[in-house]
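Student: Dropping in model-v4.pdb, with PDB, C-alpha atoms.
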MODEL        1
ATOM      1  CA  MET E   1      11.847   4.744   2.305  1.00  0.00           C
ATOM      2  CA  SER E   2      11.394   4.130  -1.395  1.00  0.00           C
ATOM      3  CA  ASP E   3       8.654   3.149  -3.777  1.00  0.00           C
ATOM      4  CA  VAL E   4       9.269   0.421  -6.319  1.00  0.00           C
ATOM      5  CA  VAL E   5       7.466  -1.106  -9.263  1.00  0.00           C
ATOM      6  CA  THR E   6       9.099  -4.472  -9.872  1.00  0.00           C
ATOM      7  CA  GLN E   7      10.118  -5.814 -13.273  1.00  0.00           C
ATOM      8  CA  GLN E   8       7.637  -8.615 -12.673  1.00  0.00           C
ATOM      9  CA  GLY E   9       4.991  -5.991 -11.991  1.00  0.00           C
ATOM     10  CA  LEU E  10       5.796  -4.028 -15.140  1.00  0.00           C
ATOM     11  CA  ASN E  11       5.521  -7.266 -17.103  1.00  0.00           C
ATOM     12  CA  ARG E  12       2.089  -7.892 -15.602  1.00  0.00           C
ATOM     13  CA  ILE E  13       0.922  -4.370 -16.418  1.00  0.00           C
ATOM     14  CA  ALA E  14       2.188  -4.689 -20.004  1.00  0.00           C
ATOM     15  CA  ASP E  15       0.701  -8.166 -20.485  1.00  0.00           C
ATOM     16  CA  THR E  16      -2.654  -7.015 -19.173  1.00  0.00           C
ATOM     17  CA  ALA E  17      -2.807  -3.730 -21.093  1.00  0.00           C
ATOM     18  CA  SER E  18      -2.024  -5.358 -24.440  1.00  0.00           C
ATOM     19  CA  GLN E  19      -3.386  -8.837 -23.682  1.00  0.00           C
ATOM     20  CA  THR E  20      -0.148 -10.406 -24.873  1.00  0.00           C
ATOM     21  CA  SER E  21       0.494 -14.133 -25.026  1.00  0.00           C
ATOM     22  CA  GLY E  22       1.380 -13.824 -21.335  1.00  0.00           C
ATOM     23  CA  TYR E  23      -1.988 -12.322 -20.442  1.00  0.00           C
ATOM     24  CA  ASN E  24      -3.940 -14.161 -17.762  1.00  0.00           C
ATOM     25  CA  ALA E  25      -7.418 -12.882 -16.906  1.00  0.00           C
ATOM     26  CA  ALA E  26      -7.005 -13.956 -13.288  1.00  0.00           C
ATOM     27  CA  ARG E  27      -3.682 -12.170 -12.802  1.00  0.00           C
ATOM     28  CA  TYR E  28      -4.045  -8.466 -12.153  1.00  0.00           C
ATOM     29  CA  ILE E  29      -3.424  -6.136  -9.224  1.00  0.00           C
ATOM     30  CA  ARG E  30      -5.921  -7.453  -6.713  1.00  0.00           C
ATOM     31  CA  THR E  31      -4.297  -8.035  -3.304  1.00  0.00           C
ATOM     32  CA  PHE E  32      -2.521  -5.884  -0.702  1.00  0.00           C
ATOM     33  CA  THR E  33      -0.089  -6.948   1.993  1.00  0.00           C
ATOM     34  CA  VAL E  34       1.575  -5.287   4.930  1.00  0.00           C
ATOM     35  CA  ASP E  35       4.579  -6.922   6.575  1.00  0.00           C
ATOM     36  CA  ASP E  36       7.358  -6.286   9.066  1.00  0.00           C
ATOM     37  CA  SER E  37      10.409  -7.022   6.921  1.00  0.00           C
ATOM     38  CA  ALA E  38      13.206  -4.447   6.726  1.00  0.00           C
ATOM     39  CA  THR E  39      14.426  -5.909   3.431  1.00  0.00           C
ATOM     40  CA  ALA E  40      14.317  -3.328   0.653  1.00  0.00           C
ATOM     41  CA  LEU E  41      12.125  -3.879  -2.367  1.00  0.00           C
ATOM     42  CA  THR E  42      14.064  -3.737  -5.659  1.00  0.00           C
ATOM     43  CA  PRO E  43      13.135  -3.977  -9.337  1.00  0.00           C
ATOM     44  CA  ALA E  44      14.233  -7.639  -9.184  1.00  0.00           C
ATOM     45  CA  THR E  45      11.996  -8.482  -6.214  1.00  0.00           C
ATOM     46  CA  THR E  46       9.444 -11.190  -6.992  1.00  0.00           C
ATOM     47  CA  ASP E  47       8.232 -12.244  -3.520  1.00  0.00           C
ATOM     48  CA  LEU E  48       8.167 -10.911   0.045  1.00  0.00           C
ATOM     49  CA  GLY E  49      11.001 -13.127   1.257  1.00  0.00           C
ATOM     50  CA  SER E  50       9.183 -14.780   4.155  1.00  0.00           C
ATOM     51  CA  PRO E  51       8.641 -11.871   6.557  1.00  0.00           C
ATOM     52  CA  THR E  52       7.978 -12.779  10.195  1.00  0.00           C
ATOM     53  CA  ASN E  53       4.545 -11.163  10.081  1.00  0.00           C
ATOM     54  CA  VAL E  54       2.505 -10.606   6.934  1.00  0.00           C
ATOM     55  CA  TYR E  55      -1.168  -9.737   6.535  1.00  0.00           C
ATOM     56  CA  GLU E  56      -2.947 -10.207   3.207  1.00  0.00           C
ATOM     57  CA  SER E  57      -6.145  -8.455   2.156  1.00  0.00           C
ATOM     58  CA  ALA E  58      -8.324  -8.013  -0.876  1.00  0.00           C
ATOM     59  CA  PHE E  59      -9.444  -4.471  -1.721  1.00  0.00           C
ATOM     60  CA  ASP E  60     -12.565  -2.961  -0.157  1.00  0.00           C
ATOM     61  CA  ALA E  61     -13.987  -2.300  -3.622  1.00  0.00           C
ATOM     62  CA  THR E  62     -12.964  -2.195  -7.261  1.00  0.00           C
ATOM     63  CA  PRO E  63     -10.065   0.261  -7.595  1.00  0.00           C
ATOM     64  CA  THR E  64     -10.872   3.624  -9.135  1.00  0.00           C
ATOM     65  CA  ARG E  65      -9.012   5.697 -11.718  1.00  0.00           C
ATOM     66  CA  THR E  66      -9.028   9.489 -11.834  1.00  0.00           C
ATOM     67  CA  GLY E  67      -6.970  10.735 -14.730  1.00  0.00           C
ATOM     68  CA  GLN E  68      -3.784   8.680 -14.591  1.00  0.00           C
ATOM     69  CA  VAL E  69      -4.063   7.870 -10.887  1.00  0.00           C
ATOM     70  CA  VAL E  70      -5.429   4.467  -9.828  1.00  0.00           C
ATOM     71  CA  THR E  71      -6.397   4.218  -6.157  1.00  0.00           C
ATOM     72  CA  HIS E  72      -6.773   1.001  -4.168  1.00  0.00           C
ATOM     73  CA  VAL E  73      -8.479   1.168  -0.753  1.00  0.00           C
ATOM     74  CA  ILE E  74      -8.015  -1.480   1.905  1.00  0.00           C
ATOM     75  CA  THR E  75      -9.367  -1.600   5.443  1.00  0.00           C
ATOM     76  CA  ILE E  76      -7.632  -3.830   7.959  1.00  0.00           C
ATOM     77  CA  PRO E  77      -9.954  -4.419  10.906  1.00  0.00           C
ATOM     78  CA  ALA E  78      -9.136  -4.119  14.582  1.00  0.00           C
ATOM     79  CA  ALA E  79      -7.306  -7.153  15.991  1.00  0.00           C
ATOM     80  CA  SER E  80      -5.509  -7.782  12.677  1.00  0.00           C
ATOM     81  CA  ALA E  81      -1.983  -6.834  11.592  1.00  0.00           C
ATOM     82  CA  ALA E  82      -1.080  -5.421  15.001  1.00  0.00           C
ATOM     83  CA  PHE E  83       2.654  -5.281  14.287  1.00  0.00           C
ATOM     84  CA  GLU E  84       5.192  -2.768  12.996  1.00  0.00           C
ATOM     85  CA  HIS E  85       4.401  -1.910   9.395  1.00  0.00           C
ATOM     86  CA  LYS E  86       7.580  -1.716   7.325  1.00  0.00           C
ATOM     87  CA  ARG E  87       6.388  -2.532   3.792  1.00  0.00           C
ATOM     88  CA  LEU E  88       3.120  -1.971   1.917  1.00  0.00           C
ATOM     89  CA  VAL E  89       2.856  -4.097  -1.243  1.00  0.00           C
ATOM     90  CA  LEU E  90       0.447  -4.731  -4.140  1.00  0.00           C
ATOM     91  CA  HIS E  91       0.212  -8.207  -5.694  1.00  0.00           C
ATOM     92  CA  ASP E  92      -1.151  -9.685  -8.921  1.00  0.00           C
ATOM     93  CA  ASP E  93      -3.049 -12.704  -7.622  1.00  0.00           C
ATOM     94  CA  THR E  94      -5.992 -13.540  -5.396  1.00  0.00           C
ATOM     95  CA  VAL E  95      -5.652 -13.055  -1.665  1.00  0.00           C
ATOM     96  CA  ALA E  96      -5.856 -16.840  -1.273  1.00  0.00           C
ATOM     97  CA  ASN E  97      -2.768 -17.265  -3.443  1.00  0.00           C
ATOM     98  CA  VAL E  98      -0.642 -14.470  -1.978  1.00  0.00           C
ATOM     99  CA  THR E  99       1.788 -15.534   0.746  1.00  0.00           C
ATOM    100  CA  GLY E 100       5.164 -14.515   2.104  1.00  0.00           C
ATOM    101  CA  THR E 101       6.802 -16.491  -0.687  1.00  0.00           C
ATOM    102  CA  SER E 102       4.438 -16.194  -3.673  1.00  0.00           C
ATOM    103  CA  ASN E 103       5.901 -14.626  -6.827  1.00  0.00           C
ATOM    104  CA  THR E 104       3.227 -11.958  -6.970  1.00  0.00           C
ATOM    105  CA  VAL E 105       4.863  -8.640  -6.026  1.00  0.00           C
ATOM    106  CA  VAL E 106       3.937  -5.824  -8.422  1.00  0.00           C
ATOM    107  CA  ALA E 107       4.770  -2.660  -6.505  1.00  0.00           C
ATOM    108  CA  GLY E 108       5.260  -1.357  -3.004  1.00  0.00           C
ATOM    109  CA  ILE E 109       6.816   0.977  -0.501  1.00  0.00           C
ATOM    110  CA  ASP E 110       9.541  -0.122   1.915  1.00  0.00           C
ATOM    111  CA  GLY E 111      11.481   1.354   4.796  1.00  0.00           C
ATOM    112  CA  LEU E 112       8.404   2.336   6.807  1.00  0.00           C
ATOM    113  CA  SER E 113       7.933   2.318  10.566  1.00  0.00           C
ATOM    114  CA  PHE E 114       4.518   2.669  12.108  1.00  0.00           C
ATOM    115  CA  VAL E 115       2.420   0.416  14.297  1.00  0.00           C
ATOM    116  CA  LYS E 116      -1.229  -0.549  14.104  1.00  0.00           C
ATOM    117  CA  PRO E 117      -2.765  -0.834  17.588  1.00  0.00           C
ATOM    118  CA  ALA E 118      -4.709  -4.067  18.095  1.00  0.00           C
ATOM    119  CA  ASP E 119      -7.989  -2.274  18.751  1.00  0.00           C
ATOM    120  CA  VAL E 120      -7.941   0.251  15.900  1.00  0.00           C
ATOM    121  CA  PRO E 121      -8.850  -0.401  12.256  1.00  0.00           C
ATOM    122  CA  PHE E 122      -6.606   1.235   9.636  1.00  0.00           C
ATOM    123  CA  GLU E 123      -7.589   2.367   6.139  1.00  0.00           C
ATOM    124  CA  TYR E 124      -4.889   2.199   3.465  1.00  0.00           C
ATOM    125  CA  GLN E 125      -5.078   4.188   0.243  1.00  0.00           C
ATOM    126  CA  ILE E 126      -2.473   2.930  -2.222  1.00  0.00           C
ATOM    127  CA  SER E 127      -2.205   4.801  -5.499  1.00  0.00           C
ATOM    128  CA  LEU E 128      -0.334   4.169  -8.707  1.00  0.00           C
ATOM    129  CA  THR E 129       0.306   7.250 -10.836  1.00  0.00           C
ATOM    130  CA  TYR E 130       1.153   6.647 -14.484  1.00  0.00           C
ATOM    131  CA  SER E 131       2.881   9.574 -16.123  1.00  0.00           C
ATOM    132  CA  ASP E 132       4.906  10.647 -19.110  1.00  0.00           C
ATOM    133  CA  GLN E 133       8.396  11.243 -17.691  1.00  0.00           C
ATOM    134  CA  THR E 134       9.045  14.006 -20.163  1.00  0.00           C
ATOM    135  CA  ALA E 135       5.934  15.966 -19.141  1.00  0.00           C
TER
ATOM    136  CA  MET Y   1      10.564   8.661 -33.372  1.00  0.00           C
ATOM    137  CA  ARG Y   2      10.492   7.474 -29.762  1.00  0.00           C
ATOM    138  CA  LEU Y   3       7.476   7.368 -27.526  1.00  0.00           C
ATOM    139  CA  PRO Y   4       7.951   9.165 -24.203  1.00  0.00           C
ATOM    140  CA  PRO Y   5       8.991   6.974 -21.262  1.00  0.00           C
ATOM    141  CA  ILE Y   6       6.234   6.056 -18.847  1.00  0.00           C
ATOM    142  CA  ASP Y   7       6.791   6.368 -15.114  1.00  0.00           C
ATOM    143  CA  VAL Y   8       4.777   4.680 -12.384  1.00  0.00           C
ATOM    144  CA  ASP Y   9       4.816   6.183  -8.889  1.00  0.00           C
ATOM    145  CA  VAL Y  10       3.514   4.404  -5.806  1.00  0.00           C
ATOM    146  CA  ASP Y  11       1.956   6.453  -3.012  1.00  0.00           C
ATOM    147  CA  ALA Y  12       0.297   5.468   0.241  1.00  0.00           C
ATOM    148  CA  THR Y  13      -1.825   7.143   2.854  1.00  0.00           C
ATOM    149  CA  VAL Y  14      -2.805   5.330   6.053  1.00  0.00           C
ATOM    150  CA  ILE Y  15      -5.758   6.594   8.079  1.00  0.00           C
ATOM    151  CA  ALA Y  16      -6.986   5.654  11.555  1.00  0.00           C
ATOM    152  CA  ARG Y  17     -10.506   6.463  12.720  1.00  0.00           C
ATOM    153  CA  PRO Y  18     -11.727   6.130  16.308  1.00  0.00           C
ATOM    154  CA  PRO Y  19     -13.598   2.875  17.005  1.00  0.00           C
ATOM    155  CA  GLU Y  20     -17.162   3.228  18.225  1.00  0.00           C
ATOM    156  CA  GLY Y  21     -17.262   4.809  21.665  1.00  0.00           C
ATOM    157  CA  TRP Y  22     -13.793   6.323  21.347  1.00  0.00           C
ATOM    158  CA  THR Y  23     -12.925   9.986  21.296  1.00  0.00           C
ATOM    159  CA  MET Y  24     -10.238  11.439  19.075  1.00  0.00           C
ATOM    160  CA  ASP Y  25      -8.089  11.761  22.198  1.00  0.00           C
ATOM    161  CA  ASP Y  26      -8.540   8.020  22.864  1.00  0.00           C
ATOM    162  CA  LEU Y  27      -7.395   7.280  19.316  1.00  0.00           C
ATOM    163  CA  TRP Y  28      -4.424   9.620  19.512  1.00  0.00           C
ATOM    164  CA  GLN Y  29      -3.269   8.124  22.807  1.00  0.00           C
ATOM    165  CA  ALA Y  30      -3.635   4.559  21.455  1.00  0.00           C
ATOM    166  CA  LEU Y  31      -1.487   5.438  18.459  1.00  0.00           C
ATOM    167  CA  LEU Y  32       1.164   6.970  20.715  1.00  0.00           C
ATOM    168  CA  ALA Y  33       1.036   4.023  23.134  1.00  0.00           C
ATOM    169  CA  ALA Y  34       1.663   1.663  20.201  1.00  0.00           C
ATOM    170  CA  GLY Y  35       4.918   3.473  19.553  1.00  0.00           C
ATOM    171  CA  ASN Y  36       4.036   5.789  16.701  1.00  0.00           C
ATOM    172  CA  ASN Y  37       5.879   9.070  16.242  1.00  0.00           C
ATOM    173  CA  PRO Y  38       3.572  12.075  16.762  1.00  0.00           C
ATOM    174  CA  GLU Y  39       5.705  14.128  14.369  1.00  0.00           C
ATOM    175  CA  THR Y  40       4.795  11.859  11.459  1.00  0.00           C
ATOM    176  CA  MET Y  41       1.051  11.794  12.245  1.00  0.00           C
ATOM    177  CA  THR Y  42      -1.544  14.436  11.382  1.00  0.00           C
ATOM    178  CA  ARG Y  43      -4.605  14.826  13.571  1.00  0.00           C
ATOM    179  CA  ASN Y  44      -7.812  15.886  11.837  1.00  0.00           C
ATOM    180  CA  GLU Y  45     -11.379  16.439  13.043  1.00  0.00           C
ATOM    181  CA  ASP Y  46     -12.491  12.804  12.729  1.00  0.00           C
ATOM    182  CA  HIS Y  47      -9.386  10.827  11.773  1.00  0.00           C
ATOM    183  CA  VAL Y  48      -5.618  10.666  12.062  1.00  0.00           C
ATOM    184  CA  VAL Y  49      -3.332  10.366   9.063  1.00  0.00           C
ATOM    185  CA  VAL Y  50      -0.831   7.890  10.456  1.00  0.00           C
ATOM    186  CA  PHE Y  51       1.421   7.949   7.441  1.00  0.00           C
ATOM    187  CA  THR Y  52       1.486   9.414   3.952  1.00  0.00           C
ATOM    188  CA  THR Y  53       3.979   9.667   1.136  1.00  0.00           C
ATOM    189  CA  LYS Y  54       2.120  12.466  -0.576  1.00  0.00           C
ATOM    190  CA  GLU Y  55       4.277  15.338   0.650  1.00  0.00           C
ATOM    191  CA  GLN Y  56       7.546  13.581  -0.024  1.00  0.00           C
ATOM    192  CA  THR Y  57       6.725  12.397  -3.528  1.00  0.00           C
ATOM    193  CA  ASP Y  58       5.016  15.610  -4.545  1.00  0.00           C
ATOM    194  CA  VAL Y  59       8.112  17.695  -3.824  1.00  0.00           C
TER
ENDMDL
END
Do you think you could lay out the structure here as structure tokens?

Tutor:
Amino acid sequence: MSDVVTQQGLNRIADTASQTSGYNAARYIRTFTVDDSATALTPATTDLGSPTNVYESAFDATPTRTGQVVTHVITIPAASAAFEHKRLVLHDDTVANVTGTSNTVVAGIDGLSFVKPADVPFEYQISLTYSDQTA
Amino acid sequence: MRLPPIDVDVDATVIARPPEGWTMDDLWQALLAAGNNPETMTRNEDHVVVFTTKEQTDV
């Protein structure tokens, strides 16, 4: 298992924070996916690589920040995403635009193995912690 | 002078709560029946933590 922030994701964070020439008001971290691919996420990853099963969701509410920790909460209802969860990923586009092949991957965790029963809703809390590495 | 490097860590916690009419035992058994490992789950009073990275990344 490893957690990764992609180069594409770092670019999006930098563009958005400084509103560079690459800034796009519609492109920010706004969608979550879970999929069943065993392929590792790497800094060079841009898309999910067409997993067999992928479920896309917007966030339950606007993400919150406490100190340097930003938390995104997502609830997947019963009867959805009832497959083995191997990767949890954040994307920088609307849920309508995020697919198994969209170039939207910002960050995620791979190498997981747990299963969502078909009749149980799951709540996901995905956090990004920004820190000074020398602290 | 160099600015300090910035690091971004990703963490996840996944929580299951019993659907209406279910007991915590019902929920626990459904999670086991789906193939989940009881050693990686934490049972609480009103929910089960199915998965979390908190312990690993905080070490």

Student: Got a sec to pull out which chain E residues are within 8 Å of chain Y, counting all atoms listed in the file, and send them as a list in words?

Tutor: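 Result, ordered by chain then number: Asp3, Val4, Val5, Ala107, Gly108, Ile109, Phe114, Val115, Lys116, Pro117, Asp119, Val120, Pro121, Phe122, Glu123, Tyr124, Gln125, Ile126, Ser127, Leu128, Thr129, Tyr130, Ser131, Asp132, Gln133 and Thr134 of chain E.
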
Student: Translate the PyMOL selection byres ((chain E and resi 27) around 8), as applied to the file shown, into an explicit residue set as a list in words.

Tutor: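 Taken on the displayed file, the PyMOL selection byres ((chain E and resi 27) around 8) yields the residues Arg12, Tyr23, Asn24, Ala25, Ala26, Tyr28, Ile29, Asp92, Asp93 and Thr94 of chain E.
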
Student: Go ahead and write the selection's residues with C-alpha atoms as a PDB file, keeping the file's coordinate frame.

Tutor:
ATOM      1  CA  ARG E  12       2.089  -7.892 -15.602  1.00  0.00           C
ATOM      2  CA  TYR E  23      -1.988 -12.322 -20.442  1.00  0.00           C
ATOM      3  CA  ASN E  24      -3.940 -14.161 -17.762  1.00  0.00           C
ATOM      4  CA  ALA E  25      -7.418 -12.882 -16.906  1.00  0.00           C
ATOM      5  CA  ALA E  26      -7.005 -13.956 -13.288  1.00  0.00           C
ATOM      6  CA  TYR E  28      -4.045  -8.466 -12.153  1.00  0.00           C
ATOM      7  CA  ILE E  29      -3.424  -6.136  -9.224  1.00  0.00           C
ATOM      8  CA  ASP E  92      -1.151  -9.685  -8.921  1.00  0.00           C
ATOM      9  CA  ASP E  93      -3.049 -12.704  -7.622  1.00  0.00           C
ATOM     10  CA  THR E  94      -5.992 -13.540  -5.396  1.00  0.00           C
TER      11      THR E  94
END

Student: Go through the shown structure with the PyMOL selection byres ((chain E and resi 9) around 10) and write out the matching residues as a list in words.

Tutor: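 With the PyMOL selection byres ((chain E and resi 9) around 10) on this model, the match is Val4, Val5, Thr6, Gln7, Gln8, Leu10, Asn11, Arg12, Ile13, Ala14, Asp15, Tyr28, Ile29, Pro43, Ala44, Thr45, Thr46, Leu90, His91, Asp92, Thr104, Val105, Val106 and Ala107 of chain E.
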
Student: Tell me which residues the PyMOL selection byres ((chain E and resi 47-57) around 8) grabs here, as number ranges by chain.

Tutor: E: 31-37, 45-46, 58-59, 74, 76, 80-81, 83, 95, 98-105

Student: Could you check the closest approach to His72 of chain E for each of E:Ala96, E:Glu84, E:Ala17, E:Val89 and tell me which residue wins, using only C-alpha atoms?

Tutor: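 That would be E:Val89, the residue with the smallest distance to His72 of chain E.
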
Student: Could you tell me how far atom CA of Arg43 of chain Y sits from atom CA of Thr71 of chain E, in Å to one decimal place?

Tutor: 22.5 Å

Student: What does the structure give for the distance between atom CA of His85 of chain E and atom CA of Leu41 of chain E, in Å to one decimal?

Tutor: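 Calculated distance between atom CA of His85 of chain E and atom CA of Leu41 of chain E is 14.2 Å.
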
Student: What is the distance, in Å and to one decimal place, between atom CA of Thr75 of chain E and atom CA of Thr62 of chain E?

Tutor: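 Interatomic distance here is 13.2 Å.
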